[in-house]
Amino acid sequence: MKQQLYESNPVLDKLPEHLRQYIKPQNYEEYTPVDQAVWRYVMRKNVDYLSKVAHKSYVDGLQKTGISIDAIPNMYGMNRILKEIGWAAVAVDGFIPPSAFMEFQAYNVLVIASDIRQLENIEYTPAPDIIHEGAGHAPIIANPEYSEYLRRFGEIGAKAISSGKDYELYDAVRHLSIIKEAEGTPLEAIEKAEKRIEALQQNMGKPSEMALLRNLHWWTVEYGLIGSLENPKIYGAGLLSSIGESAWCMTDNVKKLPYTLDSATTDFDITKPQPQLFVTPNFAHLSQVLEDFANTMALRTGGLSAVQKLIDSQALGTLELSTGLQVSGYFERVLSYDGLPIYFTTKGATALAYHDKELVNHGTTQHPEGFGSPVGKLKGINLAIEDMSPRDLKAYNIFEGEKVELEFVGGVTVSGEIITGTRNLQGKIILITFQNCTVTYQDEVLFKPDWGLYHMAVGRKVSSGYNGPADLKSFNLVSHALSDTTVKKNRDDDKLALEEFYQRVRDYREGKNTIISRSKLFQEFISRFPKDWLLPVELYELAVKGNRTVLATEIKAHLEQLKLDSPKVGHLIDDGLALVDQGLKIDA
């Protein structure tokens, strides 16, 4: 029996096996004292600032979802609280494929990249991390209207059809996020990865459904604003978890636009601050725009474009015919007439289903080399086969044991002896099986008698097309392989020594070891790590709270010099000091 890598609960118990393959243990003990300090700094700064500019659900949601300001959340603790609002959280390794990410949401499962950004990237990282996922996404899902939007987005997004280019871009973005967070990555490697993404983004061609949905997701779930254009509030997780962009987005430097369906065609650059953001008047409006977009998807429109989208995707997908028969596989070709599909084919393993349940004897073992079928009405007959009663079928010789020649509108002809028909629960015929069958289109032979039995799908039209199989059990979906995995921190002697200093300060603050000399610790620290700014900020907090005025002044002087030596961290130091002073005023 396979060992369980995570603690389950009623929500997680419903996950299909192919989603479980992405889950990894959180390994809470691997978070270092520096990681904990990074979390604490970001959360203290965020809560202080976001309490003024975030949607009111944010601060309430921090408490409801078990997110602590002082310590990185433990997934097990989060899940015990999340289940009260019908959600759960799982740890994953960085970016996962968009369709899997969406499907997790459809099951009310929050995907959390359990790694945490380096101190050098404390303001923003392109990599998903626990600050972004845990502190950004989790609190807002406590709002019922938004929670339903997120679930519905996942449900629709999981059916969105991608393109081959989308998969390339996903791999490129994942690669960049990993190397950017890995210590010691050469600048040239990062620039090369960024240029690759830029080149791909400029040559994507016509955007796929998933690409357009990804835009909607970005401008709402990740970077959304809510309220009025003049006085918007933040609800997007990317803004809630970025101490840099959460302030930047509120300035006039960032254009504020009404959120509409047009946002789907507005691209974004994950490596740069956003030049514009979209404002929704309320969470209900998000769901309306999502439904408007879903009406444009092959999922609801069907037709020739649905088949073509699946062919272009080069990925496993499903066509559903008007009878409800579902064909799942890798679509290869479509013939059309007068703007309608008249014949489609798949290549390789294919399965047939009805109501998302595989038909008996029509799985991938019965169709290992592909499947092809005409679609539409018979030539010269107004009544479609699916609408024929048993009497009608017999009148047209569409009956067991009869040799027939069925010519479809558009020119596809099926000639052979009918063996049997498969019917749905309502008694309508959805599949007809022939022997000694020949299928032709103009001068081309599409199926020969010596290929075996021919199974003809029945349907006057393609009513739907979507990503993934109809029946999850029809295919082996547990085959995910990552081209890159996140790089673990290199913990040399210097790193271990730095962590020990951070742990001593943390222990003192939490009352676990109050015997240490803060003054001596500070002197030891700056002699060993003169460029580190975060630990001195924490020591400054302890000195001020302990009324150690001389030590506080000494630390502040050191930080002022550090600002001159390293201007890039000047505002981070100022914000840290301000938090201490502000916090003391609050305490008083």
# chains A, B, ... in the order shown; residues from 1 in each chain; ligands from 1
call {"tool": "select_by_dssp", "arguments": {"residues": "range 157-393 of chain A", "states": "strand (DSSP E)", "output": "PyMOL selection string"}}
result
chain A and resi 225-227+232-234+255-258+276-280+317-321+325-337+340-354+357-358+372-374
call {"tool": "residues_around", "arguments": {"residues": "range 80-92 of chain A", "least_positions_apart": "5", "cutoff": "8 Å", "atoms": "only C-alpha atoms", "output": "number ranges by chain"}}
result
A: 6, 9-12, 22-26, 64-66, 75, 108-114, 142
call {"tool": "atom_distance", "arguments": {"atom1": "CA of Asn382 in chain A", "atom2": "CA of Glu405 in chain A"}}
result
16.9 Å
call {"tool": "residues_around", "arguments": {"residues": "range 544-559 of chain A", "least_positions_apart": "5", "cutoff": "9 Å", "atoms": "only C-alpha atoms", "output": "ChimeraX atom specification"}}
result
/A:518-519,522,526,533,536-537,539,564,570,573-574,577,580-581,584
call {"tool": "write_last_selection", "arguments": {"atoms": "N, CA, C and O atoms", "output": "mmCIF file, in the first residue's frame"}}
result
data_model
loop_
_atom_site.group_PDB
_atom_site.id
_atom_site.type_symbol
_atom_site.label_atom_id
_atom_site.label_comp_id
_atom_site.auth_asym_id
_atom_site.auth_seq_id
_atom_site.Cartn_x
_atom_site.Cartn_y
_atom_site.Cartn_z
ATOM 1 N N ARG A 518 21.262 40.448 24.891
ATOM 2 C CA ARG A 518 20.904 40.970 23.565
ATOM 3 C C ARG A 518 22.008 41.865 23.011
ATOM 4 O O ARG A 518 22.279 41.880 21.808
ATOM 5 N N SER A 519 22.675 42.597 23.892
ATOM 6 C CA SER A 519 23.750 43.494 23.464
ATOM 7 C C SER A 519 24.927 42.690 22.920
ATOM 8 O O SER A 519 25.478 42.995 21.851
ATOM 9 N N PHE A 522 24.044 41.089 19.617
ATOM 10 C CA PHE A 522 24.070 42.057 18.516
ATOM 11 C C PHE A 522 25.503 42.284 18.027
ATOM 12 O O PHE A 522 25.766 42.296 16.821
ATOM 13 N N ILE A 526 26.756 41.403 14.131
ATOM 14 C CA ILE A 526 27.189 42.352 13.107
ATOM 15 C C ILE A 526 28.657 42.156 12.724
ATOM 16 O O ILE A 526 29.092 42.549 11.644
ATOM 17 N N TRP A 533 20.111 42.750 7.431
ATOM 18 C CA TRP A 533 19.315 43.830 8.022
ATOM 19 C C TRP A 533 18.131 43.344 8.849
ATOM 20 O O TRP A 533 17.657 44.047 9.750
ATOM 21 N N PRO A 536 18.848 42.533 12.849
ATOM 22 C CA PRO A 536 18.943 43.765 13.650
ATOM 23 C C PRO A 536 17.594 44.446 13.876
ATOM 24 O O PRO A 536 17.355 45.021 14.942
ATOM 25 N N VAL A 537 16.701 44.377 12.887
ATOM 26 C CA VAL A 537 15.359 44.943 13.077
ATOM 27 C C VAL A 537 14.634 44.197 14.195
ATOM 28 O O VAL A 537 13.961 44.796 15.046
ATOM 29 N N LEU A 539 16.092 42.543 16.648
ATOM 30 C CA LEU A 539 16.766 42.894 17.902
ATOM 31 C C LEU A 539 16.355 44.290 18.381
ATOM 32 O O LEU A 539 16.210 44.539 19.589
ATOM 33 N N LEU A 564 22.739 53.344 4.052
ATOM 34 C CA LEU A 564 23.657 54.067 3.169
ATOM 35 C C LEU A 564 24.491 53.100 2.329
ATOM 36 O O LEU A 564 24.749 53.346 1.150
ATOM 37 N N GLY A 570 16.901 50.006 2.026
ATOM 38 C CA GLY A 570 16.602 51.140 2.909
ATOM 39 C C GLY A 570 15.144 51.205 3.310
ATOM 40 O O GLY A 570 14.816 51.372 4.496
ATOM 41 N N ILE A 573 14.167 48.465 5.784
ATOM 42 C CA ILE A 573 14.608 48.794 7.150
ATOM 43 C C ILE A 573 13.679 49.831 7.773
ATOM 44 O O ILE A 573 13.227 49.678 8.918
ATOM 45 N N ASP A 574 13.373 50.899 7.018
ATOM 46 C CA ASP A 574 12.476 51.950 7.529
ATOM 47 C C ASP A 574 11.121 51.363 7.929
ATOM 48 O O ASP A 574 10.578 51.700 8.989
ATOM 49 N N LEU A 577 11.433 49.315 11.176
ATOM 50 C CA LEU A 577 11.528 50.185 12.353
ATOM 51 C C LEU A 577 10.188 50.834 12.675
ATOM 52 O O LEU A 577 9.788 50.935 13.843
ATOM 53 N N VAL A 580 7.878 48.544 14.495
ATOM 54 C CA VAL A 580 8.201 48.424 15.920
ATOM 55 C C VAL A 580 7.622 49.608 16.688
ATOM 56 O O VAL A 580 6.913 49.433 17.686
ATOM 57 N N ASP A 581 7.888 50.819 16.200
ATOM 58 C CA ASP A 581 7.397 52.011 16.888
ATOM 59 C C ASP A 581 5.881 52.061 16.909
ATOM 60 O O ASP A 581 5.271 52.387 17.927
ATOM 61 N N LEU A 584 4.450 49.487 19.330
ATOM 62 C CA LEU A 584 4.556 49.881 20.730
ATOM 63 C C LEU A 584 3.490 50.897 21.109
ATOM 64 O O LEU A 584 2.942 50.883 22.194
#
call {"tool": "select_by_dssp", "arguments": {"residues": "range 25-193 of chain A", "states": "alpha helix (DSSP H)", "output": "number ranges by chain"}}
result
A: 33-53, 57-64, 75-82, 98-106, 130, 138-140, 144-157, 164-181, 187-193
call {"tool": "atom_distance", "arguments": {"atom1": "CA of Leu521 in chain A", "atom2": "CA of Pro33 in chain A"}}
result
15.8 Å
call {"tool": "atom_distance", "arguments": {"atom1": "CA of Val279 in chain A", "atom2": "CA of Ala135 in chain A"}}
result
21.1 Å
call {"tool": "residues_around", "arguments": {"residues": "Tyr466 in chain A", "least_positions_apart": "6", "cutoff": "7 Å", "atoms": "only C-alpha atoms", "output": "VMD selection string"}}
result
chain A and resid 159 to 161 298 to 299 317 to 319
call {"tool": "residues_around", "arguments": {"residues": "range 368-380 of chain A", "least_positions_apart": "3", "cutoff": "7 Å", "atoms": "only C-alpha atoms", "output": "PyMOL selection string"}}
result
chain A and resi 341-350+364-365+384+406-409+412+456-457+459-461
call {"tool": "write_last_selection", "arguments": {"atoms": "N, CA, C and O atoms", "output": "PDB file, in the first residue's frame"}}
result
ATOM      1  N   PRO A 341     -18.646  20.046 -38.608  1.00  0.00           N
ATOM      2  CA  PRO A 341     -17.826  18.834 -38.672  1.00  0.00           C
ATOM      3  C   PRO A 341     -18.665  17.680 -39.220  1.00  0.00           C
ATOM      4  O   PRO A 341     -19.830  17.508 -38.832  1.00  0.00           O
ATOM      5  N   ILE A 342     -18.084  16.912 -40.136  1.00  0.00           N
ATOM      6  CA  ILE A 342     -18.821  15.758 -40.672  1.00  0.00           C
ATOM      7  C   ILE A 342     -18.097  14.445 -40.376  1.00  0.00           C
ATOM      8  O   ILE A 342     -18.681  13.369 -40.537  1.00  0.00           O
ATOM      9  N   TYR A 343     -16.843  14.513 -39.958  1.00  0.00           N
ATOM     10  CA  TYR A 343     -16.104  13.308 -39.578  1.00  0.00           C
ATOM     11  C   TYR A 343     -14.907  13.732 -38.725  1.00  0.00           C
ATOM     12  O   TYR A 343     -14.252  14.719 -39.012  1.00  0.00           O
ATOM     13  N   PHE A 344     -14.644  12.992 -37.653  1.00  0.00           N
ATOM     14  CA  PHE A 344     -13.480  13.277 -36.817  1.00  0.00           C
ATOM     15  C   PHE A 344     -12.745  11.977 -36.530  1.00  0.00           C
ATOM     16  O   PHE A 344     -13.344  10.891 -36.554  1.00  0.00           O
ATOM     17  N   THR A 345     -11.451  12.097 -36.250  1.00  0.00           N
ATOM     18  CA  THR A 345     -10.665  10.919 -35.887  1.00  0.00           C
ATOM     19  C   THR A 345      -9.747  11.252 -34.713  1.00  0.00           C
ATOM     20  O   THR A 345      -9.328  12.394 -34.525  1.00  0.00           O
ATOM     21  N   THR A 346      -9.462  10.221 -33.935  1.00  0.00           N
ATOM     22  CA  THR A 346      -8.461  10.320 -32.873  1.00  0.00           C
ATOM     23  C   THR A 346      -7.298   9.400 -33.241  1.00  0.00           C
ATOM     24  O   THR A 346      -7.410   8.550 -34.119  1.00  0.00           O
ATOM     25  N   LYS A 347      -6.178   9.596 -32.564  1.00  0.00           N
ATOM     26  CA  LYS A 347      -5.047   8.693 -32.743  1.00  0.00           C
ATOM     27  C   LYS A 347      -4.682   8.094 -31.393  1.00  0.00           C
ATOM     28  O   LYS A 347      -4.762   8.741 -30.353  1.00  0.00           O
ATOM     29  N   GLY A 348      -4.295   6.834 -31.410  1.00  0.00           N
ATOM     30  CA  GLY A 348      -3.917   6.186 -30.158  1.00  0.00           C
ATOM     31  C   GLY A 348      -5.111   5.845 -29.291  1.00  0.00           C
ATOM     32  O   GLY A 348      -6.268   5.865 -29.734  1.00  0.00           O
ATOM     33  N   ALA A 349      -4.824   5.509 -28.052  1.00  0.00           N
ATOM     34  CA  ALA A 349      -5.855   5.025 -27.123  1.00  0.00           C
ATOM     35  C   ALA A 349      -7.038   5.980 -27.022  1.00  0.00           C
ATOM     36  O   ALA A 349      -6.869   7.178 -26.812  1.00  0.00           O
ATOM     37  N   THR A 350      -8.233   5.428 -27.183  1.00  0.00           N
ATOM     38  CA  THR A 350      -9.482   6.207 -27.161  1.00  0.00           C
ATOM     39  C   THR A 350     -10.519   5.448 -26.346  1.00  0.00           C
ATOM     40  O   THR A 350     -10.529   4.214 -26.327  1.00  0.00           O
ATOM     41  N   THR A 364      -9.984   1.875 -23.687  1.00  0.00           N
ATOM     42  CA  THR A 364      -8.770   2.021 -24.497  1.00  0.00           C
ATOM     43  C   THR A 364      -8.231   0.682 -25.003  1.00  0.00           C
ATOM     44  O   THR A 364      -7.534   0.646 -26.013  1.00  0.00           O
ATOM     45  N   THR A 365      -8.551  -0.410 -24.323  1.00  0.00           N
ATOM     46  CA  THR A 365      -8.088  -1.720 -24.821  1.00  0.00           C
ATOM     47  C   THR A 365      -8.858  -2.133 -26.068  1.00  0.00           C
ATOM     48  O   THR A 365      -8.339  -2.851 -26.918  1.00  0.00           O
ATOM     49  N   ALA A 384     -32.865  12.988 -37.961  1.00  0.00           N
ATOM     50  CA  ALA A 384     -31.548  12.470 -37.570  1.00  0.00           C
ATOM     51  C   ALA A 384     -31.697  11.070 -36.990  1.00  0.00           C
ATOM     52  O   ALA A 384     -32.746  10.723 -36.424  1.00  0.00           O
ATOM     53  N   LEU A 406     -25.057   4.112 -45.655  1.00  0.00           N
ATOM     54  CA  LEU A 406     -25.529   5.368 -45.069  1.00  0.00           C
ATOM     55  C   LEU A 406     -24.676   6.507 -45.605  1.00  0.00           C
ATOM     56  O   LEU A 406     -23.472   6.576 -45.343  1.00  0.00           O
ATOM     57  N   GLU A 407     -25.311   7.398 -46.375  1.00  0.00           N
ATOM     58  CA  GLU A 407     -24.585   8.552 -46.899  1.00  0.00           C
ATOM     59  C   GLU A 407     -24.987   9.783 -46.088  1.00  0.00           C
ATOM     60  O   GLU A 407     -26.159  10.136 -46.003  1.00  0.00           O
ATOM     61  N   PHE A 408     -23.972  10.416 -45.496  1.00  0.00           N
ATOM     62  CA  PHE A 408     -24.208  11.573 -44.642  1.00  0.00           C
ATOM     63  C   PHE A 408     -24.070  12.868 -45.436  1.00  0.00           C
ATOM     64  O   PHE A 408     -23.375  12.930 -46.451  1.00  0.00           O
ATOM     65  N   VAL A 409     -24.757  13.900 -44.947  1.00  0.00           N
ATOM     66  CA  VAL A 409     -24.617  15.224 -45.549  1.00  0.00           C
ATOM     67  C   VAL A 409     -23.137  15.613 -45.478  1.00  0.00           C
ATOM     68  O   VAL A 409     -22.514  15.542 -44.420  1.00  0.00           O
ATOM     69  N   VAL A 412     -19.645  11.774 -46.473  1.00  0.00           N
ATOM     70  CA  VAL A 412     -19.112  10.569 -45.835  1.00  0.00           C
ATOM     71  C   VAL A 412     -20.125   9.444 -45.991  1.00  0.00           C
ATOM     72  O   VAL A 412     -21.325   9.630 -45.746  1.00  0.00           O
ATOM     73  N   MET A 456     -19.732   3.115 -35.067  1.00  0.00           N
ATOM     74  CA  MET A 456     -20.117   4.450 -35.534  1.00  0.00           C
ATOM     75  C   MET A 456     -20.865   5.200 -34.428  1.00  0.00           C
ATOM     76  O   MET A 456     -21.915   4.753 -33.957  1.00  0.00           O
ATOM     77  N   ALA A 457     -20.303   6.322 -34.016  1.00  0.00           N
ATOM     78  CA  ALA A 457     -20.986   7.156 -33.030  1.00  0.00           C
ATOM     79  C   ALA A 457     -22.202   7.785 -33.679  1.00  0.00           C
ATOM     80  O   ALA A 457     -22.192   8.132 -34.856  1.00  0.00           O
ATOM     81  N   GLY A 459     -24.806  10.922 -33.659  1.00  0.00           N
ATOM     82  CA  GLY A 459     -25.007  12.282 -33.169  1.00  0.00           C
ATOM     83  C   GLY A 459     -25.169  13.235 -34.341  1.00  0.00           C
ATOM     84  O   GLY A 459     -24.376  13.190 -35.284  1.00  0.00           O
ATOM     85  N   ARG A 460     -26.179  14.066 -34.311  1.00  0.00           N
ATOM     86  CA  ARG A 460     -26.390  14.997 -35.418  1.00  0.00           C
ATOM     87  C   ARG A 460     -25.446  16.199 -35.338  1.00  0.00           C
ATOM     88  O   ARG A 460     -25.269  16.920 -36.305  1.00  0.00           O
ATOM     89  N   LYS A 461     -24.839  16.398 -34.134  1.00  0.00           N
ATOM     90  CA  LYS A 461     -23.887  17.511 -34.015  1.00  0.00           C
ATOM     91  C   LYS A 461     -22.931  17.256 -32.856  1.00  0.00           C
ATOM     92  O   LYS A 461     -23.196  16.416 -31.975  1.00  0.00           O
TER      93      LYS A 461
END
call {"tool": "closest_residue", "arguments": {"among": "A:Ile122, A:Ile398, A:Val59, A:Ala294", "to": "Leu431 in chain A", "atoms": "only C-alpha atoms"}}
result
A:Ile398
